[in-house]
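S.K.: Starting off with a structure, shown below.
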Amino acid sequence: MVNGQDITLGLIFAIIGGCAAWMASSYNGAGGTYPMILGIVLALLGATIAARAAIATQNEERPLVTAKANLIIALIAGAAYVALVVPLGFYTASALLMLCIPIALGFRRPIFTVVSAAVFVMMVWLIFSVILEKPLPREIWLTLGSGGGA
Amino acid sequence: MDFFVTSLSGIMAIGPILAMVGSTLLGVLIGALPGLNPVMAIALLLPLTYSMDPLVALGMVAGIYNGSMYGGAIPAILLRIPGTPASIATTFDGFPMAERGEAAKALKIACWSSAIGGIVSAIALMTVGPLLARVTLLFGPAEYFWIAIFGMASVGVMVGTDAVKGILAAVIGLLIGTMGIDSLSGQARYTFDQTWLLGGLDLIVVLVGLYALPPVLQLAEKCDLKGLSAAQLRLLAVPFKPGEIRSMFGTWFRSSMIGVSVGILPGAGGNIAAFLSYNAAKNASDDPDSFGKGNPQGIAAAECGNNADNAASMIPALSLGIPGNVVAALVLSALTIHGLQPGPRLFHSNPELVGGFMFEMLLTSILIFLVGGAAATRVFAQIQRLPGVLLVPSILILMCVGVYVINGRPVDLWVMFAAGVAGYFLEKVNVPLAPIILGMILGPMAEQSVRRALLISRGDASELITRPISAVLALATLGMILWPIIKALRAKRAKA
Amino acid sequence: MNLKLTAVSAAILTAVTAAPAFADYPERAIELTIPAGAGGGTDTSARRLALILEELLGTSIAVLNIGGGGGSVGASQFMQADPDGYSLFATWNSPLTTVPLVQNVAYSLDSFTPIASTSETAYVLCVDAEFPATTGAEFLDELAANPGMYTYGNDGIGGTMQLAAERIFQAREITAIPIPFGGAGETLQNFLGGHIDIYGGSISTVLPYVETGEANCLVVTSAADVPALPSASGLEALGLGEHETLLWRAILGPAGMDQAIVDQLSDAIQTAVNDPAYVEFLATKGEVPNVLVGDDLAARLQSESDGLAEVSRALGLSQ
């Protein structure tokens with residue numbers, strides 16, 4: 001039995017290492033030698049891992065994912081959130097995320113969800129916008145409200 | 001003696017005391033939120049100090065700094081998400097303990113160890129600071145190179161069962177560390193013509209992704225709809241067993257010394273103090289295999305080490321005017337705002353203020369004992385009562401806001417997300433994550449100092465080992481690599 | 001806090017009434033980008049100035065530090081901001097006049113609207129007591145007589161400090177070995193430890209050691225002498241007056257800003273910089289106020305960029 005996971009892992013990093021070394025070859029002087037060596041070492045380590053897995057007799061593969069559906073929900077929600085933070089505004093997107101993920105994962109206590117979303121978003125607002133005064137992506141409804149003048 | 005009395009009486013006023021208590025709590029919160037770091041809060045605070053009693057302002061700096069170093073341990077133990085880079089080593093044993101239901105115990109050890117590290121460090125600052133500061137000047141680029149390599153050797157303890165994969169992870173970190181403008185030649189490396197990459201990948205952005213996303217995804221997979229009940233939490237009243245405190249004295253002593261030593265070197269970075277302390281504790285232990293599986297000594301070592309770095313990092317700043325890290329630079333600029341001139345005479349010309357600040361570093365460490373433990377168990381640990389499905393979006397939001405405010409750059413969110421997805425799968429195939437971060441921290445330091453050393457020696461590599469301190473450091477590195485091997489061989493022989 | 005509340009409520013009010021855009025600028029918080037990490041010289045100067053500006057403009061100013069790439073990362077990111085007056089850029093000269101010469105960046109001087117310069121200071125070259133020179137002229141003679149023998153620390157390859165020094169060295173045909181460090185503090189540490197021969201960096205960092213006698217500062221990169229450093233020669237005294245390079249700071253906006261807002265801001269900055277409290281603050285850092293606005297500022301940026309372009313070409317650093 002070969003360990004497919006390790007072969008894939010090894011090959012991925014062998015390729016990354018090779019690319020890194022190849023890119024480093026265009027850098028001048030000592031600034032290029034160091035990353036080139038690192039790239040080559042990475043490629044060799046990757047190749048070692050792949051080769052070792054190919055001749056191994058034992059298979060130590062563990063399942064990559066335990067609950068595929070939930071993982072995909074979380075990944076899609078996370079990616080959507082990252083994509084929407086800027087267009088919708090930070091707090092709007094965050095409130096949506098707080099409401100959507102629990103529902104998507106099968107949490108059926110709407111009032112609890114809404115209250116905790118409100119409390120949590122308020123807390124983040126207090127820490128980041130009031131205490132730390134950090135500029136965050138502007139809320140879409142503020143921009144629309146001012147007629148696009150700002 | 002007079003000086004101690006005057007500086008102590010200076011801060012024993014309502015203003016500084018309130019500032020210290022409040023800011024220690026704020027610091028714990030800042031440390032506990034992944035992505036948020038003390039620098040951000042302190043930078044915001046300092047311009048306001050113009051119109052403020054300087055001892056109040058500096059008290060807040062001390063509280064935020066010390067509190068946050070301990071705060072990082074809280075999510076590290078409860079969720080396996082290090083709040084700061086310095087608390088990565090705390091996850092190794094802290095989370096296994098929490099999984100065994102000993103979260104309260106782990107938090108208590110972290111609290112005590114942080115406080116003790118901070119206290120030792122503050123005492124070092126007050127007593128031998130100026131002396132140690134002069135010693136740090138002997139460390140040139142060649143010595144810094146060896147310190148980086150020495151730190152890198154501690155990767156040995158975190159590679160887990162598969163050494164090849166551990167080294168692979170370290171090399172990945174080193175490669176990430178080369179991204180951006182090479183400060184010695186001015187050329188851009190691995191930037192793919194993206195200007196935002198000219199500064200390289202931000203350590204915190206990668207850390208948050210790599211370390212916080214996998215636990216979040218696992219929480220989502222587990223899909224816990226209930227949360228723990230108050231009875232299941234078992235947080236209060238976990239007294240130390242007899243002899244338990246005594247058993248940690250050795251670890252605390254060792255870690256404090258390591259933390260102070262790393263702390264006084266400008267630019268060496270406190271993040272490695274925790275790794276080095278952890279490594280030392282494991283090497284000194286009779287049962288090194290129990291590390292990483294919930295050994296309380298591991299938490300004690302890491303947390304004591306990272307707090308022992310704090311006050312010590314102020315030593316070169318206060319006695320030489322050379323800031324060793326950003327917090328020290330901020331403190332120096334606060335002092336200049338008040339018309340003080342940093343440098344060798346700073347202390348003699350302003351003993352009340354400088355001495356007062358030193359005391360504040362000490363008192364805020366003691367405050368960790370008093371308020372830190374309660375904050376951790378009564379506030380933060382209560383999040384375990386929330387259903388896991390609510391924690392998933394909450395942590396995601398905190399991750400994103402923490403990452404976004406670093407550079408105000410949406411693309412950092414994608415970097416974080418990508419690092420997190422990669423981290424999730426790398427962990428599943430047994431590639432440890434800690435060496436990646438260690439490589440990112442130490443790689444640039446090693447590369448820049450060795451190239452600087454070679455520029456100074458006009459390319460003569462023998463200078464790297466012929467200077468007395470570098471020779472000692474080189475031997476120490478060798479010893480550190482060989483020691484576990486010798487120990488294992490001896491153990492085998494004893495068994496046979 | 002009150003200030004902010006009023007600003008917030010003002011923003012909401014105007015949002016509701018949908019007032020014309022520029023009539024009552026500023027109506028919400030201004031974001032000030034600093035292309036350097038917290039705690040450095042540019043950062044402290046800018047944050048201190050921002051406090052005074054907040055009062056003058058009646059709005060809050062949020063600071064965003066974007067370090068990296070010698071300032072190019074922050075400058076590139078800022079360049080994409082809206083020129084509506086709510087995004088300002090507080091920088092030192094290097095990211096604008098030096099970095100585009102040595103790095104492949106997407107911005108140029110045209111990507112910004114110059115608003116006002118704020119303060120300036122010189123760089124300085126110092127040696128220890130053993131160095132065989134005690135005046136600026138002797139120092140340059142010693143360097144010229146021993147090409148490649150001395151190392152000098154600087155703030156980074158292709159940084160303004162290095163170019164400032166090389167500009168002098170080129171005029172005198174001197175070869176010294178540049179050792180780049182992360183900043184003046186690191187350079188000082190290596191200078192005091194004897195790892196490098198010459199300190200090159202900002203004045204305020206090394207000043208305490210001039211008083212203790214551990215550093216002997218011989219050349220400043222400004223044309224005039226610096227009163228705080230009596231032993232150092234200005235370039236005019238060395239006959240190199242035209243090779244002056246200063247470290248100076250300015251506030252800019254993205255290209256294409258409304259002139260009325262620029263005027264309003266430059267007036268406010270002028271008042272803020274000349275505020276006695278700010279002048280005093282600058283003095284503790286060895287800086288002096290110098291406000292140039294509009295075309296004068298643009299001209300200064302252009303002439304410095306041209307002067308340094310020559311140096312960096314000669315050093316083989318140019319893109």
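Residue numbering restarts at 1 in every chain; chains get A, B, ... in the order shown in the structure tokens, and ligands count up from 1 in that same order.
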Taking the DSSP assignment computed from this structure's backbone, write out as a ChimeraX atom specification all residues of region 270-423 of chain B that belong to helix (DSSP H, G or I).
M.R.: /B:271-284,288-290,296-313,315-320,326-337,346-349,351-385,388-407,410-423
S.K.: Restrict the calculation to only C-alpha atoms, then for each residue of chain C with any atom at most 7 Å from an atom of chain B give the closest atom pair and their distance in Å to one decimal, rows by chain and rising residue number, as a Markdown table.
M.R.:
```
| residue | atom | partner | partner_atom | distance |
| --- | --- | --- | --- | --- |
| C:Ala38 | CA | B:Ala43 | CA | 6.1 |
| C:Gly39 | CA | B:Leu330 | CA | 4.5 |
| C:Gly40 | CA | B:Ala329 | CA | 7.0 |
| C:Thr44 | CA | B:Ser333 | CA | 6.9 |
| C:Arg47 | CA | B:Pro47 | CA | 6.1 |
| C:Arg48 | CA | B:Pro47 | CA | 5.5 |
| C:Leu64 | CA | B:Asn407 | CA | 6.9 |
| C:Asn65 | CA | B:Asn407 | CA | 6.6 |
| C:Ile66 | CA | B:Asn407 | CA | 5.3 |
| C:Gly68 | CA | B:Gly199 | CA | 3.9 |
| C:Gly69 | CA | B:Gly199 | CA | 4.8 |
| C:Val73 | CA | B:Trp196 | CA | 5.5 |
| C:Ser76 | CA | B:Thr195 | CA | 6.5 |
| C:Val105 | CA | B:Thr195 | CA | 6.9 |
| C:Thr151 | CA | B:Ile456 | CA | 6.9 |
| C:Gly156 | CA | B:Ser183 | CA | 6.0 |
| C:Ile157 | CA | B:Gly186 | CA | 5.7 |
| C:Gly158 | CA | B:Gly186 | CA | 6.6 |
| C:Ile179 | CA | B:Arg452 | CA | 6.4 |
| C:Pro180 | CA | B:Leu184 | CA | 6.1 |
| C:Gly185 | CA | B:Ile322 | CA | 5.1 |
| C:Gln189 | CA | B:Leu137 | CA | 6.1 |
| C:Asn190 | CA | B:Gly140 | CA | 6.2 |
| C:Leu192 | CA | B:Leu137 | CA | 6.6 |
| C:Gly193 | CA | B:Leu137 | CA | 4.5 |
| C:His195 | CA | B:Gly140 | CA | 5.9 |
| C:Pro208 | CA | B:Gly343 | CA | 5.4 |
| C:Phe281 | CA | B:Ile337 | CA | 6.2 |
| C:Thr284 | CA | B:Gly339 | CA | 6.2 |
```
S.K.: Keeping only C-alpha atoms, take the residues you just selected and write them out as a CSV table (one decimal), in the first residue's frame.
M.R.:
```csv
chain,number,residue,atom,x,y,z
C,38,ALA,CA,4.9,52.4,14.8
C,39,GLY,CA,7.5,53.9,17.1
C,40,GLY,CA,9.8,55.4,14.4
C,44,THR,CA,5.8,59.8,16.3
C,47,ARG,CA,0.9,61.0,15.3
C,48,ARG,CA,1.8,64.1,17.4
C,64,LEU,CA,-2.7,53.4,9.8
C,65,ASN,CA,0.9,52.2,9.8
C,66,ILE,CA,2.0,50.3,6.7
C,68,GLY,CA,7.8,47.5,4.6
C,69,GLY,CA,9.9,48.0,1.5
C,73,VAL,CA,4.4,49.3,0.4
C,76,SER,CA,1.7,52.1,-3.3
C,105,VAL,CA,7.3,50.6,-7.9
C,151,THR,CA,32.7,50.6,7.0
C,156,GLY,CA,19.3,50.4,4.2
C,157,ILE,CA,20.6,49.9,0.7
C,158,GLY,CA,19.3,52.6,-1.6
C,179,ILE,CA,26.7,48.2,5.9
C,180,PRO,CA,22.9,48.4,5.8
C,185,GLY,CA,19.0,52.4,16.6
C,189,GLN,CA,24.3,49.6,18.6
C,190,ASN,CA,26.8,48.3,16.1
C,192,LEU,CA,29.0,51.6,19.9
C,193,GLY,CA,30.0,47.9,20.0
C,195,HIS,CA,31.4,46.4,14.8
C,208,PRO,CA,23.5,61.4,23.9
C,281,PHE,CA,8.4,68.5,20.4
C,284,THR,CA,13.6,67.2,21.3
```
S.K.: For chain C, which residue out of A:Leu88, A:Ile131, A:Ala80, A:Val119 is the nearest one, using only C-alpha atoms?
M.R.: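 Nearest to chain C: A:Ile131.
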S.K.: Would you list the contacts of Leu353 (chain B) as a PyMOL selection string, taking every protein, DNA or RNA residue within 8 Å and counting only C-alpha atoms, but skipping same-chain residues closer than 6 positions in sequence?
M.R.: chain B and resi 7+54-55
S.K.: Quick one: contact table of chain A to chain B, 6 Å max, nearest atom pair and distance in Å to one decimal per residue, counting only C-alpha atoms, chain and number order, as CSV?
M.R.:
```
residue,atom,partner,partner_atom,distance
A:Leu64,CA,B:Lys428,CA,5.8
A:Ala67,CA,B:Glu221,CA,5.1
A:Asn70,CA,B:Glu221,CA,5.1
A:Leu71,CA,B:Glu221,CA,5.6
A:Met98,CA,B:Pro393,CA,5.4
A:Pro102,CA,B:Val389,CA,5.3
```
S.K.: Assign secondary structure with DSSP using the backbone only, and return the residues of region 117-191 of chain C in strand (DSSP E or B) as a PDB file with all heavy atoms, in the first residue's frame.
M.R.:
```
ATOM      1  N   SER C 117       4.984  70.354   3.501  1.00  0.00           N
ATOM      2  CA  SER C 117       6.060  69.715   4.246  1.00  0.00           C
ATOM      3  C   SER C 117       5.952  70.181   5.689  1.00  0.00           C
ATOM      4  O   SER C 117       5.348  71.216   5.965  1.00  0.00           O
ATOM      5  CB  SER C 117       7.422  70.063   3.644  1.00  0.00           C
ATOM      6  OG  SER C 117       7.687  71.431   3.793  1.00  0.00           O
ATOM      7  N   THR C 118       6.534  69.440   6.601  1.00  0.00           N
ATOM      8  CA  THR C 118       6.355  69.785   8.008  1.00  0.00           C
ATOM      9  C   THR C 118       7.671  70.112   8.713  1.00  0.00           C
ATOM     10  O   THR C 118       7.818  71.182   9.281  1.00  0.00           O
ATOM     11  CB  THR C 118       5.641  68.654   8.762  1.00  0.00           C
ATOM     12  OG1 THR C 118       6.405  67.461   8.630  1.00  0.00           O
ATOM     13  CG2 THR C 118       4.251  68.430   8.216  1.00  0.00           C
ATOM     14  N   SER C 119       8.631  69.190   8.682  1.00  0.00           N
ATOM     15  CA  SER C 119       9.856  69.447   9.442  1.00  0.00           C
ATOM     16  C   SER C 119      11.029  68.813   8.722  1.00  0.00           C
ATOM     17  O   SER C 119      10.846  68.014   7.804  1.00  0.00           O
ATOM     18  CB  SER C 119       9.738  68.854  10.847  1.00  0.00           C
ATOM     19  OG  SER C 119       9.563  67.459  10.750  1.00  0.00           O
ATOM     20  N   GLU C 120      12.239  69.159   9.151  1.00  0.00           N
ATOM     21  CA  GLU C 120      13.404  68.551   8.525  1.00  0.00           C
ATOM     22  C   GLU C 120      14.565  68.458   9.498  1.00  0.00           C
ATOM     23  O   GLU C 120      14.607  69.134  10.525  1.00  0.00           O
ATOM     24  CB  GLU C 120      13.815  69.340   7.281  1.00  0.00           C
ATOM     25  CG  GLU C 120      14.282  70.748   7.574  1.00  0.00           C
ATOM     26  CD  GLU C 120      14.561  71.538   6.298  1.00  0.00           C
ATOM     27  OE1 GLU C 120      13.966  71.211   5.261  1.00  0.00           O
ATOM     28  OE2 GLU C 120      15.389  72.462   6.365  1.00  0.00           O
ATOM     29  N   THR C 121      15.509  67.603   9.157  1.00  0.00           N
ATOM     30  CA  THR C 121      16.723  67.443   9.944  1.00  0.00           C
ATOM     31  C   THR C 121      17.784  66.882   9.010  1.00  0.00           C
ATOM     32  O   THR C 121      17.473  66.462   7.894  1.00  0.00           O
ATOM     33  CB  THR C 121      16.482  66.506  11.148  1.00  0.00           C
ATOM     34  OG1 THR C 121      17.705  66.378  11.878  1.00  0.00           O
ATOM     35  CG2 THR C 121      16.040  65.132  10.710  1.00  0.00           C
ATOM     36  N   ALA C 122      19.029  66.883   9.471  1.00  0.00           N
ATOM     37  CA  ALA C 122      20.105  66.360   8.631  1.00  0.00           C
ATOM     38  C   ALA C 122      20.480  64.971   9.100  1.00  0.00           C
ATOM     39  O   ALA C 122      20.142  64.552  10.209  1.00  0.00           O
ATOM     40  CB  ALA C 122      21.314  67.282   8.699  1.00  0.00           C
ATOM     41  N   TYR C 123      21.189  64.228   8.256  1.00  0.00           N
ATOM     42  CA  TYR C 123      21.851  63.003   8.682  1.00  0.00           C
ATOM     43  C   TYR C 123      23.251  63.380   9.145  1.00  0.00           C
ATOM     44  O   TYR C 123      23.771  64.445   8.812  1.00  0.00           O
ATOM     45  CB  TYR C 123      21.953  62.014   7.528  1.00  0.00           C
ATOM     46  CG  TYR C 123      20.642  61.442   7.077  1.00  0.00           C
ATOM     47  CD1 TYR C 123      20.052  61.857   5.886  1.00  0.00           C
ATOM     48  CD2 TYR C 123      20.000  60.463   7.816  1.00  0.00           C
ATOM     49  CE1 TYR C 123      18.855  61.313   5.461  1.00  0.00           C
ATOM     50  CE2 TYR C 123      18.801  59.916   7.392  1.00  0.00           C
ATOM     51  CZ  TYR C 123      18.233  60.347   6.205  1.00  0.00           C
ATOM     52  OH  TYR C 123      17.059  59.803   5.798  1.00  0.00           O
ATOM     53  N   VAL C 124      23.860  62.472   9.881  1.00  0.00           N
ATOM     54  CA  VAL C 124      25.177  62.798  10.411  1.00  0.00           C
ATOM     55  C   VAL C 124      26.098  61.581  10.286  1.00  0.00           C
ATOM     56  O   VAL C 124      25.639  60.441  10.263  1.00  0.00           O
ATOM     57  CB  VAL C 124      25.038  63.260  11.884  1.00  0.00           C
ATOM     58  CG1 VAL C 124      24.594  62.118  12.771  1.00  0.00           C
ATOM     59  CG2 VAL C 124      26.323  63.870  12.392  1.00  0.00           C
ATOM     60  N   LEU C 125      27.391  61.857  10.129  1.00  0.00           N
ATOM     61  CA  LEU C 125      28.395  60.793  10.116  1.00  0.00           C
ATOM     62  C   LEU C 125      29.290  60.991  11.338  1.00  0.00           C
ATOM     63  O   LEU C 125      29.840  62.068  11.543  1.00  0.00           O
ATOM     64  CB  LEU C 125      29.241  60.857   8.834  1.00  0.00           C
ATOM     65  CG  LEU C 125      28.488  60.592   7.525  1.00  0.00           C
ATOM     66  CD1 LEU C 125      29.358  60.912   6.319  1.00  0.00           C
ATOM     67  CD2 LEU C 125      28.038  59.131   7.468  1.00  0.00           C
ATOM     68  N   CYS C 126      29.402  59.926  12.164  1.00  0.00           N
ATOM     69  CA  CYS C 126      30.174  60.052  13.399  1.00  0.00           C
ATOM     70  C   CYS C 126      31.193  58.920  13.486  1.00  0.00           C
ATOM     71  O   CYS C 126      30.971  57.827  12.950  1.00  0.00           O
ATOM     72  CB  CYS C 126      29.270  59.953  14.627  1.00  0.00           C
ATOM     73  SG  CYS C 126      27.863  61.053  14.563  1.00  0.00           S
ATOM     74  N   VAL C 127      32.274  59.178  14.220  1.00  0.00           N
ATOM     75  CA  VAL C 127      33.297  58.149  14.437  1.00  0.00           C
ATOM     76  C   VAL C 127      33.586  58.067  15.929  1.00  0.00           C
ATOM     77  O   VAL C 127      33.123  58.898  16.704  1.00  0.00           O
ATOM     78  CB  VAL C 127      34.587  58.480  13.673  1.00  0.00           C
ATOM     79  CG1 VAL C 127      34.359  58.418  12.183  1.00  0.00           C
ATOM     80  CG2 VAL C 127      35.120  59.849  14.079  1.00  0.00           C
ATOM     81  N   THR C 151      34.078  50.994   7.217  1.00  0.00           N
ATOM     82  CA  THR C 151      32.680  50.613   7.032  1.00  0.00           C
ATOM     83  C   THR C 151      31.790  51.680   7.658  1.00  0.00           C
ATOM     84  O   THR C 151      32.102  52.203   8.724  1.00  0.00           O
ATOM     85  CB  THR C 151      32.380  49.278   7.726  1.00  0.00           C
ATOM     86  OG1 THR C 151      32.836  49.348   9.074  1.00  0.00           O
ATOM     87  CG2 THR C 151      33.060  48.127   7.031  1.00  0.00           C
ATOM     88  N   TYR C 152      30.698  52.007   7.003  1.00  0.00           N
ATOM     89  CA  TYR C 152      29.749  52.923   7.621  1.00  0.00           C
ATOM     90  C   TYR C 152      28.365  52.307   7.640  1.00  0.00           C
ATOM     91  O   TYR C 152      27.934  51.674   6.685  1.00  0.00           O
ATOM     92  CB  TYR C 152      29.748  54.296   6.928  1.00  0.00           C
ATOM     93  CG  TYR C 152      29.108  54.360   5.570  1.00  0.00           C
ATOM     94  CD1 TYR C 152      27.792  54.815   5.427  1.00  0.00           C
ATOM     95  CD2 TYR C 152      29.787  53.986   4.420  1.00  0.00           C
ATOM     96  CE1 TYR C 152      27.185  54.888   4.188  1.00  0.00           C
ATOM     97  CE2 TYR C 152      29.194  54.052   3.177  1.00  0.00           C
ATOM     98  CZ  TYR C 152      27.891  54.502   3.069  1.00  0.00           C
ATOM     99  OH  TYR C 152      27.292  54.560   1.838  1.00  0.00           O
ATOM    100  N   GLY C 153      27.689  52.473   8.753  1.00  0.00           N
ATOM    101  CA  GLY C 153      26.346  51.932   8.881  1.00  0.00           C
ATOM    102  C   GLY C 153      25.341  52.900   8.272  1.00  0.00           C
ATOM    103  O   GLY C 153      25.534  54.112   8.323  1.00  0.00           O
ATOM    104  N   ASN C 154      24.291  52.378   7.676  1.00  0.00           N
ATOM    105  CA  ASN C 154      23.251  53.250   7.127  1.00  0.00           C
ATOM    106  C   ASN C 154      21.896  52.589   7.298  1.00  0.00           C
ATOM    107  O   ASN C 154      21.794  51.472   7.790  1.00  0.00           O
ATOM    108  CB  ASN C 154      23.544  53.572   5.661  1.00  0.00           C
ATOM    109  CG  ASN C 154      23.588  52.329   4.807  1.00  0.00           C
ATOM    110  OD1 ASN C 154      22.614  51.592   4.729  1.00  0.00           O
ATOM    111  ND2 ASN C 154      24.735  52.049   4.193  1.00  0.00           N
ATOM    112  N   ILE C 177      32.700  51.270   2.726  1.00  0.00           N
ATOM    113  CA  ILE C 177      31.816  50.102   2.568  1.00  0.00           C
ATOM    114  C   ILE C 177      30.519  50.320   3.344  1.00  0.00           C
ATOM    115  O   ILE C 177      30.535  50.454   4.562  1.00  0.00           O
ATOM    116  CB  ILE C 177      32.527  48.834   3.060  1.00  0.00           C
ATOM    117  CG1 ILE C 177      33.758  48.626   2.175  1.00  0.00           C
ATOM    118  CG2 ILE C 177      31.617  47.632   3.010  1.00  0.00           C
ATOM    119  CD1 ILE C 177      34.601  47.477   2.571  1.00  0.00           C
ATOM    120  N   PRO C 178      29.399  50.363   2.627  1.00  0.00           N
ATOM    121  CA  PRO C 178      28.124  50.564   3.323  1.00  0.00           C
ATOM    122  C   PRO C 178      27.647  49.264   3.970  1.00  0.00           C
ATOM    123  O   PRO C 178      27.662  48.212   3.346  1.00  0.00           O
ATOM    124  CB  PRO C 178      27.173  50.989   2.201  1.00  0.00           C
ATOM    125  CG  PRO C 178      27.757  50.422   0.952  1.00  0.00           C
ATOM    126  CD  PRO C 178      29.238  50.251   1.174  1.00  0.00           C
ATOM    127  N   ILE C 179      27.272  49.333   5.230  1.00  0.00           N
ATOM    128  CA  ILE C 179      26.670  48.180   5.921  1.00  0.00           C
ATOM    129  C   ILE C 179      25.236  48.582   6.266  1.00  0.00           C
ATOM    130  O   ILE C 179      25.010  49.437   7.111  1.00  0.00           O
ATOM    131  CB  ILE C 179      27.413  47.835   7.226  1.00  0.00           C
ATOM    132  CG1 ILE C 179      28.925  47.773   7.013  1.00  0.00           C
ATOM    133  CG2 ILE C 179      26.888  46.532   7.820  1.00  0.00           C
ATOM    134  CD1 ILE C 179      29.425  46.596   6.233  1.00  0.00           C
ATOM    135  N   PRO C 180      24.268  47.973   5.597  1.00  0.00           N
ATOM    136  CA  PRO C 180      22.880  48.387   5.839  1.00  0.00           C
ATOM    137  C   PRO C 180      22.313  47.783   7.121  1.00  0.00           C
ATOM    138  O   PRO C 180      22.475  46.595   7.378  1.00  0.00           O
ATOM    139  CB  PRO C 180      22.136  47.856   4.616  1.00  0.00           C
ATOM    140  CG  PRO C 180      22.995  46.805   4.044  1.00  0.00           C
ATOM    141  CD  PRO C 180      24.384  46.931   4.580  1.00  0.00           C
TER     142      PRO C 180
END
```
